[in-house]
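Chemist: My structure file run30.tsv, TSV, C-alpha atoms, is below:
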chain	number	residue	atom	x	y	z
Y	1	MET	CA	11.19	14.98	22.76
Y	2	SER	CA	8.60	12.29	23.33
Y	3	ALA	CA	6.16	10.89	20.80
Y	4	ALA	CA	3.41	13.05	22.27
Y	5	ASP	CA	5.35	16.11	21.10
Y	6	VAL	CA	5.00	15.18	17.43
Y	7	LYS	CA	2.60	17.77	16.02
Y	8	PHE	CA	0.20	17.29	13.13
Y	9	GLN	CA	-1.19	20.38	11.40
Y	10	GLU	CA	-4.83	21.07	10.64
Y	11	ARG	CA	-5.84	20.42	7.01
Y	12	LEU	CA	-6.85	23.82	5.67
Y	13	THR	CA	-6.38	23.99	1.90
Y	14	ILE	CA	-5.60	21.60	-0.95
Y	15	GLU	CA	-2.48	23.61	-1.79
Y	16	GLN	CA	-1.19	23.28	1.79
Y	17	VAL	CA	-1.83	19.52	1.80
Y	18	GLU	CA	-0.47	18.77	-1.69
Y	19	GLU	CA	2.27	21.32	-2.17
Y	20	GLY	CA	3.17	22.53	1.31
Y	21	ASN	CA	5.67	21.53	3.97
Y	22	ASP	CA	3.10	20.86	6.70
Y	23	LEU	CA	2.59	17.35	7.98
Y	24	ALA	CA	-1.22	17.20	7.96
Y	25	PRO	CA	-2.15	13.52	7.75
Y	26	LYS	CA	-5.71	12.41	7.05
Y	27	PHE	CA	-7.02	9.67	9.31
Y	28	ASP	CA	-10.15	7.91	8.08
Y	29	ASP	CA	-13.41	7.43	9.96
Y	30	ARG	CA	-11.75	4.62	11.95
Y	31	GLY	CA	-8.89	6.97	12.89
Y	32	LEU	CA	-6.47	5.09	10.63
Y	33	ILE	CA	-4.07	5.91	7.80
Y	34	THR	CA	-2.90	3.31	5.27
Y	35	VAL	CA	0.76	2.28	5.40
Y	36	VAL	CA	2.82	0.62	2.67
Y	37	THR	CA	6.10	-0.94	3.79
Y	38	THR	CA	8.90	-1.84	1.40
Y	39	ASP	CA	12.41	-3.22	1.88
Y	40	ALA	CA	14.73	-0.20	1.70
Y	41	ASP	CA	17.35	-2.19	-0.22
Y	42	SER	CA	15.44	-4.49	-2.57
Y	43	GLY	CA	12.34	-2.34	-3.07
Y	44	GLU	CA	10.23	-5.43	-2.40
Y	45	LEU	CA	6.79	-4.83	-0.91
Y	46	LEU	CA	6.87	-6.40	2.55
Y	47	MET	CA	3.44	-5.59	3.97
Y	48	GLN	CA	0.52	-3.20	3.97
Y	49	GLY	CA	-0.88	-2.06	7.30
Y	50	TYR	CA	-2.44	0.82	9.19
Y	51	MET	CA	-1.39	3.42	11.78
Y	52	ASN	CA	-3.49	5.46	14.13
Y	53	ALA	CA	-2.19	8.86	15.28
Y	54	GLU	CA	-0.28	7.33	18.19
Y	55	ALA	CA	1.44	4.74	15.98
Y	56	LEU	CA	2.47	7.45	13.51
Y	57	ARG	CA	3.85	9.64	16.29
Y	58	LEU	CA	5.80	6.70	17.76
Y	59	SER	CA	7.16	5.71	14.35
Y	60	ILE	CA	8.40	9.27	13.75
Y	61	GLN	CA	9.89	9.70	17.19
Y	62	THR	CA	11.56	6.28	17.56
Y	63	GLY	CA	12.42	5.58	13.92
Y	64	GLU	CA	10.93	2.09	14.29
Y	65	ALA	CA	7.67	1.02	12.63
Y	66	HIS	CA	4.58	1.01	14.82
Y	67	TYR	CA	1.18	0.02	13.46
Y	68	TRP	CA	-2.40	-0.35	14.60
Y	69	SER	CA	-3.46	-3.97	14.48
Y	70	ARG	CA	-7.04	-4.13	13.22
Y	71	SER	CA	-7.40	-7.85	13.99
Y	72	ARG	CA	-6.11	-7.49	17.56
Y	73	GLN	CA	-7.24	-3.85	18.10
Y	74	VAL	CA	-3.96	-2.87	19.75
Y	75	LEU	CA	-0.99	-0.62	19.12
Y	76	TRP	CA	1.60	-2.86	17.52
Y	77	HIS	CA	5.33	-2.32	17.73
Y	78	LYS	CA	6.30	-4.52	14.79
Y	79	GLY	CA	8.85	-7.09	15.94
Y	80	ALA	CA	7.98	-6.91	19.64
Y	81	THR	CA	6.97	-10.59	19.54
Y	82	SER	CA	8.95	-11.93	16.59
Y	83	GLY	CA	12.11	-9.82	16.96
Y	84	PHE	CA	11.73	-8.66	13.33
Y	85	VAL	CA	11.83	-4.94	14.14
Y	86	GLN	CA	11.56	-2.59	11.16
Y	87	LYS	CA	14.07	0.26	11.25
Y	88	ILE	CA	12.70	3.12	9.18
Y	89	ARG	CA	15.19	4.46	6.65
Y	90	GLU	CA	12.64	6.76	5.03
Y	91	LEU	CA	9.05	7.72	5.87
Y	92	MET	CA	7.23	9.29	2.92
Y	93	ILE	CA	3.73	10.74	2.72
Y	94	ASP	CA	1.61	10.99	-0.42
Y	95	ASP	CA	0.07	13.93	-2.27
Y	96	ASP	CA	-3.19	14.14	-0.29
Y	97	GLN	CA	-1.52	12.84	2.90
Y	98	ASP	CA	-3.73	9.82	3.45
Y	99	CYS	CA	-1.03	7.20	2.87
Y	100	ILE	CA	2.39	6.54	4.41
Y	101	TRP	CA	5.27	4.78	2.67
Y	102	LEU	CA	7.89	3.23	4.94
Y	103	ARG	CA	11.22	2.15	3.49
Y	104	VAL	CA	12.62	-0.15	6.18
Y	105	GLU	CA	15.48	-2.42	7.14
Y	106	VAL	CA	14.19	-5.61	8.75
Y	107	ALA	CA	16.18	-7.29	11.47
Y	108	GLY	CA	16.17	-11.01	10.64
Y	109	GLY	CA	14.74	-10.42	7.19
Y	110	ALA	CA	11.15	-11.53	7.69
Y	111	SER	CA	7.91	-9.55	7.67
Y	112	CYS	CA	5.16	-12.07	7.14
Y	113	HIS	CA	3.42	-13.99	9.90
Y	114	VAL	CA	3.17	-17.05	7.64
Y	115	GLY	CA	6.98	-17.24	7.67
Y	116	TYR	CA	7.98	-15.75	4.32
Y	117	ARG	CA	10.22	-12.71	3.78
Y	118	SER	CA	7.33	-10.73	2.34
Y	119	CYS	CA	3.55	-11.08	2.68
Y	120	PHE	CA	3.47	-11.18	-1.13
Y	121	TYR	CA	4.64	-14.61	-2.26
Y	122	ARG	CA	2.00	-15.51	-4.87
Y	123	SER	CA	1.18	-13.91	-8.21
Y	124	VAL	CA	-1.94	-13.86	-10.36
Y	125	PRO	CA	-1.53	-14.36	-14.13
Y	126	VAL	CA	-2.82	-11.32	-16.06
Y	127	GLY	CA	-3.57	-10.38	-19.66
Y	128	GLU	CA	-2.25	-12.97	-22.13
Y	129	ASP	CA	-1.00	-15.13	-19.27
Y	130	PHE	CA	-4.47	-15.15	-17.79
Y	131	ALA	CA	-5.95	-16.22	-21.11
Y	132	ALA	CA	-3.27	-18.88	-21.63
Y	133	LYS	CA	-3.12	-20.37	-18.16
Y	134	THR	CA	-6.66	-20.46	-16.91
Y	135	ALA	CA	-9.44	-22.86	-17.66
Y	136	GLU	CA	-12.86	-21.25	-17.72
Y	137	GLY	CA	-11.66	-18.35	-15.60
Y	138	LYS	CA	-10.44	-20.46	-12.67
Y	139	ILE	CA	-7.11	-18.96	-11.61
Y	140	ASP	CA	-4.19	-20.86	-10.10
Y	141	LEU	CA	-1.89	-18.62	-8.09
Y	142	VAL	CA	1.80	-18.86	-9.02
Y	143	TRP	CA	4.27	-19.10	-6.13
Y	144	THR	CA	7.15	-16.65	-6.36
Y	145	ASP	CA	8.70	-17.56	-3.01
Y	146	THR	CA	8.50	-21.02	-1.51
Y	147	GLU	CA	11.12	-20.83	1.21
Y	148	LYS	CA	10.06	-19.81	4.70
Y	149	VAL	CA	12.70	-17.90	6.65
Y	150	PHE	CA	11.25	-18.80	10.02
Y	151	ASP	CA	8.84	-21.24	11.64
Y	152	PRO	CA	5.70	-19.35	12.73
Y	153	GLN	CA	4.89	-22.00	15.34
Y	154	GLU	CA	8.28	-21.48	16.96
Y	155	VAL	CA	8.05	-17.68	16.92
Y	156	TYR	CA	4.38	-17.08	17.70
Y	157	GLY	CA	3.50	-20.28	19.54
Y	158	ASP	CA	-0.21	-20.44	20.21
Y	159	ALA	CA	-0.97	-16.76	19.48
Y	160	PRO	CA	-4.11	-16.52	17.33
Y	161	ASN	CA	-3.55	-16.26	13.58
Y	162	PRO	CA	-4.38	-12.69	12.45
Y	163	THR	CA	-5.89	-13.84	9.15
Y	164	GLN	CA	-9.66	-13.53	9.12
Y	165	LEU	CA	-11.92	-15.28	6.64
Z	166	MET	CA	-12.50	-14.78	-22.15
Z	167	SER	CA	-14.10	-11.61	-20.87
Z	168	ALA	CA	-13.51	-10.01	-17.49
Z	169	ALA	CA	-16.78	-11.47	-16.25
Z	170	ASP	CA	-15.26	-14.94	-16.67
Z	171	VAL	CA	-12.58	-14.29	-14.00
Z	172	LYS	CA	-13.58	-16.50	-11.09
Z	173	PHE	CA	-12.90	-15.81	-7.41
Z	174	GLN	CA	-13.11	-18.70	-4.98
Z	175	GLU	CA	-15.04	-18.76	-1.71
Z	176	ARG	CA	-12.86	-18.24	1.40
Z	177	LEU	CA	-13.19	-21.48	3.34
Z	178	THR	CA	-10.11	-22.05	5.53
Z	179	ILE	CA	-7.05	-20.11	6.64
Z	180	GLU	CA	-4.82	-22.74	5.07
Z	181	GLN	CA	-6.57	-22.37	1.71
Z	182	VAL	CA	-6.26	-18.57	1.84
Z	183	GLU	CA	-2.65	-18.39	3.08
Z	184	GLU	CA	-1.02	-21.46	1.61
Z	185	GLY	CA	-3.24	-22.50	-1.26
Z	186	ASN	CA	-3.41	-21.80	-4.99
Z	187	ASP	CA	-6.96	-20.40	-4.96
Z	188	LEU	CA	-7.57	-16.75	-5.73
Z	189	ALA	CA	-9.97	-15.89	-2.90
Z	190	PRO	CA	-9.71	-12.12	-2.40
Z	191	LYS	CA	-11.28	-10.43	0.60
Z	192	PHE	CA	-13.26	-7.30	-0.19
Z	193	ASP	CA	-14.03	-5.08	2.81
Z	194	ASP	CA	-17.44	-3.82	3.91
Z	195	ARG	CA	-17.29	-1.22	1.12
Z	196	GLY	CA	-16.60	-3.98	-1.41
Z	197	LEU	CA	-13.00	-2.81	-1.86
Z	198	ILE	CA	-9.53	-4.33	-1.69
Z	199	THR	CA	-6.40	-2.22	-1.08
Z	200	VAL	CA	-3.94	-1.91	-3.96
Z	201	VAL	CA	-0.27	-0.91	-3.80
Z	202	THR	CA	1.31	0.07	-7.12
Z	203	THR	CA	5.07	0.21	-7.68
Z	204	ASP	CA	7.22	0.92	-10.72
Z	205	ALA	CA	8.28	-2.50	-12.05
Z	206	ASP	CA	11.77	-1.23	-12.88
Z	207	SER	CA	12.73	1.19	-10.09
Z	208	GLY	CA	10.68	-0.35	-7.27
Z	209	GLU	CA	9.41	3.15	-6.44
Z	210	LEU	CA	5.98	3.33	-4.84
Z	211	LEU	CA	3.77	5.13	-7.34
Z	212	MET	CA	0.37	5.13	-5.67
Z	213	GLN	CA	-1.99	3.35	-3.31
Z	214	GLY	CA	-5.57	2.82	-4.40
Z	215	TYR	CA	-8.51	0.46	-4.25
Z	216	MET	CA	-10.25	-2.04	-6.52
Z	217	ASN	CA	-13.73	-3.44	-6.37
Z	218	ALA	CA	-14.41	-6.90	-7.79
Z	219	GLU	CA	-15.05	-5.53	-11.28
Z	220	ALA	CA	-11.79	-3.51	-11.29
Z	221	LEU	CA	-9.82	-6.59	-10.20
Z	222	ARG	CA	-11.43	-8.76	-12.88
Z	223	LEU	CA	-10.70	-6.13	-15.55
Z	224	SER	CA	-7.09	-5.73	-14.36
Z	225	ILE	CA	-6.54	-9.48	-14.59
Z	226	GLN	CA	-8.22	-9.89	-17.94
Z	227	THR	CA	-6.75	-6.84	-19.73
Z	228	GLY	CA	-3.36	-6.65	-17.99
Z	229	GLU	CA	-3.94	-2.90	-17.44
Z	230	ALA	CA	-4.58	-1.38	-14.02
Z	231	HIS	CA	-8.20	-0.60	-13.18
Z	232	TYR	CA	-9.19	0.91	-9.84
Z	233	TRP	CA	-12.29	2.05	-7.99
Z	234	SER	CA	-12.17	5.79	-7.44
Z	235	ARG	CA	-13.52	6.53	-3.98
Z	236	SER	CA	-13.65	10.29	-4.54
Z	237	ARG	CA	-15.50	10.00	-7.84
Z	238	GLN	CA	-17.29	6.72	-7.06
Z	239	VAL	CA	-16.61	5.27	-10.49
Z	240	LEU	CA	-14.65	2.46	-12.07
Z	241	TRP	CA	-11.36	4.01	-13.11
Z	242	HIS	CA	-9.22	2.76	-15.98
Z	243	LYS	CA	-6.01	4.48	-14.92
Z	244	GLY	CA	-4.72	6.60	-17.78
Z	245	ALA	CA	-8.04	6.90	-19.60
Z	246	THR	CA	-7.92	10.70	-19.12
Z	247	SER	CA	-4.20	11.36	-18.72
Z	248	GLY	CA	-2.84	8.74	-21.11
Z	249	PHE	CA	-0.63	7.34	-18.33
Z	250	VAL	CA	-1.88	3.78	-18.63
Z	251	GLN	CA	-0.31	1.27	-16.22
Z	252	LYS	CA	0.69	-1.99	-17.91
Z	253	ILE	CA	0.80	-4.72	-15.25
Z	254	ARG	CA	4.01	-6.73	-15.29
Z	255	GLU	CA	3.12	-8.63	-12.13
Z	256	LEU	CA	0.01	-8.80	-9.95
Z	257	MET	CA	0.72	-10.23	-6.49
Z	258	ILE	CA	-1.67	-10.99	-3.64
Z	259	ASP	CA	-0.75	-11.08	0.05
Z	260	ASP	CA	-0.95	-13.81	2.67
Z	261	ASP	CA	-4.55	-13.22	3.78
Z	262	GLN	CA	-5.60	-12.01	0.30
Z	263	ASP	CA	-6.84	-8.57	1.31
Z	264	CYS	CA	-4.16	-6.58	-0.52
Z	265	ILE	CA	-2.97	-6.47	-4.14
Z	266	TRP	CA	0.51	-5.46	-5.26
Z	267	LEU	CA	0.80	-4.25	-8.85
Z	268	ARG	CA	4.24	-3.97	-10.46
Z	269	VAL	CA	3.59	-1.75	-13.48
Z	270	GLU	CA	5.16	0.00	-16.42
Z	271	VAL	CA	3.75	3.50	-16.81
Z	272	ALA	CA	3.35	5.01	-20.26
Z	273	GLY	CA	4.67	8.56	-20.01
Z	274	GLY	CA	6.17	7.95	-16.60
Z	275	ALA	CA	3.71	9.78	-14.38
Z	276	SER	CA	1.26	8.48	-11.81
Z	277	CYS	CA	0.37	11.44	-9.63
Z	278	HIS	CA	-2.45	13.88	-10.36
Z	279	VAL	CA	-0.33	16.72	-8.94
Z	280	GLY	CA	2.15	16.18	-11.78
Z	281	TYR	CA	4.98	14.24	-10.17
Z	282	ARG	CA	6.23	10.79	-11.19
Z	283	SER	CA	5.06	9.30	-7.91
Z	284	CYS	CA	2.44	10.40	-5.37
Z	285	PHE	CA	5.23	10.17	-2.78
Z	286	TYR	CA	7.48	13.20	-3.20
Z	287	ARG	CA	7.87	14.35	0.42
Z	288	SER	CA	9.51	12.67	3.39
Z	289	VAL	CA	9.08	13.02	7.16
Z	290	PRO	CA	12.23	13.12	9.32
Z	291	VAL	CA	12.24	10.23	11.83
Z	292	GLY	CA	14.25	9.14	14.86
Z	293	GLU	CA	17.43	11.19	15.29
Z	294	ASP	CA	16.53	13.32	12.27
Z	295	PHE	CA	13.21	14.13	13.87
Z	296	ALA	CA	14.92	15.18	17.09
Z	297	ALA	CA	17.52	17.22	15.22
Z	298	LYS	CA	15.34	18.93	12.65
Z	299	THR	CA	12.14	19.81	14.43
Z	300	ALA	CA	11.38	22.63	16.79
Z	301	GLU	CA	8.89	21.72	19.50
Z	302	GLY	CA	7.55	18.84	17.46
Z	303	LYS	CA	6.56	20.92	14.40
Z	304	ILE	CA	7.64	18.92	11.36
Z	305	ASP	CA	8.77	20.34	8.04
Z	306	LEU	CA	8.36	17.89	5.19
Z	307	VAL	CA	11.45	17.32	3.06
Z	308	TRP	CA	10.96	17.34	-0.71
Z	309	THR	CA	12.52	14.36	-2.48
Z	310	ASP	CA	11.20	15.23	-5.95
Z	311	THR	CA	10.62	18.79	-7.12
Z	312	GLU	CA	10.26	18.31	-10.84
Z	313	LYS	CA	6.81	17.82	-12.30
Z	314	VAL	CA	6.71	15.61	-15.38
Z	315	PHE	CA	3.45	17.07	-16.65
Z	316	ASP	CA	1.18	20.05	-16.17
Z	317	PRO	CA	-2.03	18.91	-14.42
Z	318	GLN	CA	-3.98	21.88	-15.80
Z	319	GLU	CA	-3.07	20.87	-19.33
Z	320	VAL	CA	-3.93	17.19	-18.78
Z	321	TYR	CA	-6.99	17.38	-16.54
Z	322	GLY	CA	-8.32	20.86	-17.40
Z	323	ASP	CA	-11.18	21.77	-15.12
Z	324	ALA	CA	-11.84	18.27	-13.75
Z	325	PRO	CA	-12.32	18.44	-9.96
Z	326	ASN	CA	-9.23	17.76	-7.84
Z	327	PRO	CA	-9.59	14.32	-6.19
Z	328	THR	CA	-7.91	15.45	-2.96
Z	329	GLN	CA	-10.38	15.86	-0.11
Z	330	LEU	CA	-9.66	17.81	3.07
Do you think you could lay out the structure here as structure tokens?
Modeler:
Amino acid sequence: MSAADVKFQERLTIEQVEEGNDLAPKFDDRGLITVVTTDADSGELLMQGYMNAEALRLSIQTGEAHYWSRSRQVLWHKGATSGFVQKIRELMIDDDQDCIWLRVEVAGGASCHVGYRSCFYRSVPVGEDFAAKTAEGKIDLVWTDTEKVFDPQEVYGDAPNPTQL
Amino acid sequence: MSAADVKFQERLTIEQVEEGNDLAPKFDDRGLITVVTTDADSGELLMQGYMNAEALRLSIQTGEAHYWSRSRQVLWHKGATSGFVQKIRELMIDDDQDCIWLRVEVAGGASCHVGYRSCFYRSVPVGEDFAAKTAEGKIDLVWTDTEKVFDPQEVYGDAPNPTQL
């Protein structure tokens, strides 16, 4: 079967969507569904992205993560440039079917365009820590990972940085 | 300090946002930032939600998860109705600072309004499984959790279901 064969069902009732066996994903007004991607072994959050219907169909059919790149406005087979393909071990959908959770194995071990394993390498002090560590509300991020696993310049060359201000 | 004292910095350069110590979150055109919430012990994905600036400030200052409810259009102190407060063990921010990762401890152990521990209790077969288990592309979701940890009717009573078709 090809990706085009992957069928989504019409959303008819709350019971069907929340407690049924139908795959009836909700795409937002941009045609996108939110995706959360974690490392299947460590549980670490690697990235948060989006899929359109085609990316979801391709992910299901191939077992490799495909996204919709909002900054580049293209279908994005993760790893096509960097080699860091994400093999999907488990694809979960949430109660109201507007969010996808991918548990993946990453070839090469990196997911972040800045060069770190995960896109999440800085933490924000909260609660008592916030009160103790901040002066007049100005927060200093705390680095939880300082070792890059690849050199972005080497991998991406002169491709534009996807971060937008 | 009160939540109003929590300061966000202006986003000036990509280097500052990606590799600096400033907390300079990017709120989208709705004024929201995406939030991914996992169980701090098991690594399980519990839910995906949104915060506005006020919810983020309150989360940082109190150490308890606050969200913006899109369906109800109100600030939402998670657990205020159900009792399932989320104590934040770690609040991470991603490379371009448009996504928050909360690692939380959940009082009572439930996060999903349907009654399950997690909002993610069904999986979609992918790759070879997809080819093997589906007939003509029609997908049957596979249940990975079938035991509700609370009765939504008892906890929420007649409050409207947040799921929208």
Chemist: Identify every residue of chain Z that has at least one atom within 6 Å of any atom of chain Y, counting all atoms listed in the file, and report the result as an mmCIF file with C-alpha atoms, in the frame of the given file.
Modeler:
data_model
loop_
_atom_site.group_PDB
_atom_site.id
_atom_site.type_symbol
_atom_site.label_atom_id
_atom_site.label_comp_id
_atom_site.auth_asym_id
_atom_site.auth_seq_id
_atom_site.Cartn_x
_atom_site.Cartn_y
_atom_site.Cartn_z
ATOM 1 C CA ASP Z 170 -15.260 -14.940 -16.670
ATOM 2 C CA VAL Z 171 -12.580 -14.290 -14.000
ATOM 3 C CA LYS Z 172 -13.580 -16.500 -11.090
ATOM 4 C CA ASN Z 186 -3.410 -21.800 -4.990
ATOM 5 C CA ASP Z 187 -6.960 -20.400 -4.960
ATOM 6 C CA GLY Z 208 10.680 -0.350 -7.270
ATOM 7 C CA ILE Z 225 -6.540 -9.480 -14.590
ATOM 8 C CA GLN Z 226 -8.220 -9.890 -17.940
ATOM 9 C CA THR Z 227 -6.750 -6.840 -19.730
ATOM 10 C CA GLY Z 228 -3.360 -6.650 -17.990
ATOM 11 C CA LEU Z 256 0.010 -8.800 -9.950
ATOM 12 C CA MET Z 257 0.720 -10.230 -6.490
ATOM 13 C CA ILE Z 258 -1.670 -10.990 -3.640
ATOM 14 C CA ASP Z 259 -0.750 -11.080 0.050
ATOM 15 C CA ASP Z 260 -0.950 -13.810 2.670
ATOM 16 C CA ASP Z 261 -4.550 -13.220 3.780
ATOM 17 C CA CYS Z 284 2.440 10.400 -5.370
ATOM 18 C CA PHE Z 285 5.230 10.170 -2.780
ATOM 19 C CA ARG Z 287 7.870 14.350 0.420
ATOM 20 C CA SER Z 288 9.510 12.670 3.390
ATOM 21 C CA VAL Z 289 9.080 13.020 7.160
ATOM 22 C CA VAL Z 291 12.240 10.230 11.830
ATOM 23 C CA GLY Z 292 14.250 9.140 14.860
ATOM 24 C CA GLY Z 302 7.550 18.840 17.460
ATOM 25 C CA LYS Z 303 6.560 20.920 14.400
ATOM 26 C CA ASP Z 305 8.770 20.340 8.040
ATOM 27 C CA LEU Z 306 8.360 17.890 5.190
ATOM 28 C CA THR Z 328 -7.910 15.450 -2.960
#
Chemist: Write out as number ranges by chain each polymer residue whose atoms come within 8 Å of His242 of chain Z, counting all atoms listed in the file; drop sequence neighbours fewer than 4 positions from it.
Modeler: Z: 229-232, 250
Chemist: Just how far from atom CA of Val320 of chain Z is atom CA of Ser247 of chain Z, in Å to one decimal?
Modeler: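 So the two atoms, atom CA of Ser247 of chain Z and atom CA of Val320 of chain Z, lie 5.8 Å apart.
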Chemist: For segment 16-52 of chain Y in the structure I just supplied, write out C-alpha atoms - as a PDB file, in the first residue's frame.
Modeler:
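Listing of selection.pdb after writing:
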ATOM      1  CA  GLN Y  16     -16.054   7.933  18.469  1.00  0.00           C
ATOM      2  CA  VAL Y  17     -13.107  10.338  18.722  1.00  0.00           C
ATOM      3  CA  GLU Y  18     -12.281   9.747  22.403  1.00  0.00           C
ATOM      4  CA  GLU Y  19     -13.234   6.139  22.986  1.00  0.00           C
ATOM      5  CA  GLY Y  20     -13.360   4.549  19.546  1.00  0.00           C
ATOM      6  CA  ASN Y  21     -10.923   2.708  17.308  1.00  0.00           C
ATOM      7  CA  ASP Y  22     -11.204   5.097  14.355  1.00  0.00           C
ATOM      8  CA  LEU Y  23      -8.241   7.202  13.348  1.00  0.00           C
ATOM      9  CA  ALA Y  24      -9.953  10.576  12.918  1.00  0.00           C
ATOM     10  CA  PRO Y  25      -7.245  13.215  13.341  1.00  0.00           C
ATOM     11  CA  LYS Y  26      -8.108  16.890  13.703  1.00  0.00           C
ATOM     12  CA  PHE Y  27      -6.049  19.243  11.560  1.00  0.00           C
ATOM     13  CA  ASP Y  28      -6.211  22.902  12.545  1.00  0.00           C
ATOM     14  CA  ASP Y  29      -7.110  25.847  10.332  1.00  0.00           C
ATOM     15  CA  ARG Y  30      -3.600  25.677   8.827  1.00  0.00           C
ATOM     16  CA  GLY Y  31      -4.129  21.981   8.033  1.00  0.00           C
ATOM     17  CA  LEU Y  32      -1.644  20.944  10.730  1.00  0.00           C
ATOM     18  CA  ILE Y  33      -1.590  18.636  13.744  1.00  0.00           C
ATOM     19  CA  THR Y  34       0.876  19.058  16.626  1.00  0.00           C
ATOM     20  CA  VAL Y  35       3.554  16.386  17.029  1.00  0.00           C
ATOM     21  CA  VAL Y  36       5.607  15.591  20.132  1.00  0.00           C
ATOM     22  CA  THR Y  37       8.690  13.443  19.559  1.00  0.00           C
ATOM     23  CA  THR Y  38      10.489  11.608  22.350  1.00  0.00           C
ATOM     24  CA  ASP Y  39      13.446   9.222  22.423  1.00  0.00           C
ATOM     25  CA  ALA Y  40      11.929   5.720  22.609  1.00  0.00           C
ATOM     26  CA  ASP Y  41      14.644   4.554  25.007  1.00  0.00           C
ATOM     27  CA  SER Y  42      15.393   7.489  27.307  1.00  0.00           C
ATOM     28  CA  GLY Y  43      11.963   9.143  27.230  1.00  0.00           C
ATOM     29  CA  GLU Y  44      13.716  12.463  26.588  1.00  0.00           C
ATOM     30  CA  LEU Y  45      11.736  15.054  24.641  1.00  0.00           C
ATOM     31  CA  LEU Y  46      13.609  15.553  21.371  1.00  0.00           C
ATOM     32  CA  MET Y  47      11.454  18.037  19.480  1.00  0.00           C
ATOM     33  CA  GLN Y  48       7.972  19.390  18.907  1.00  0.00           C
ATOM     34  CA  GLY Y  49       6.774  19.830  15.343  1.00  0.00           C
ATOM     35  CA  TYR Y  50       3.793  19.647  13.023  1.00  0.00           C
ATOM     36  CA  MET Y  51       2.413  17.299  10.366  1.00  0.00           C
ATOM     37  CA  ASN Y  52      -0.040  17.965   7.597  1.00  0.00           C
TER      38      ASN Y  52
END
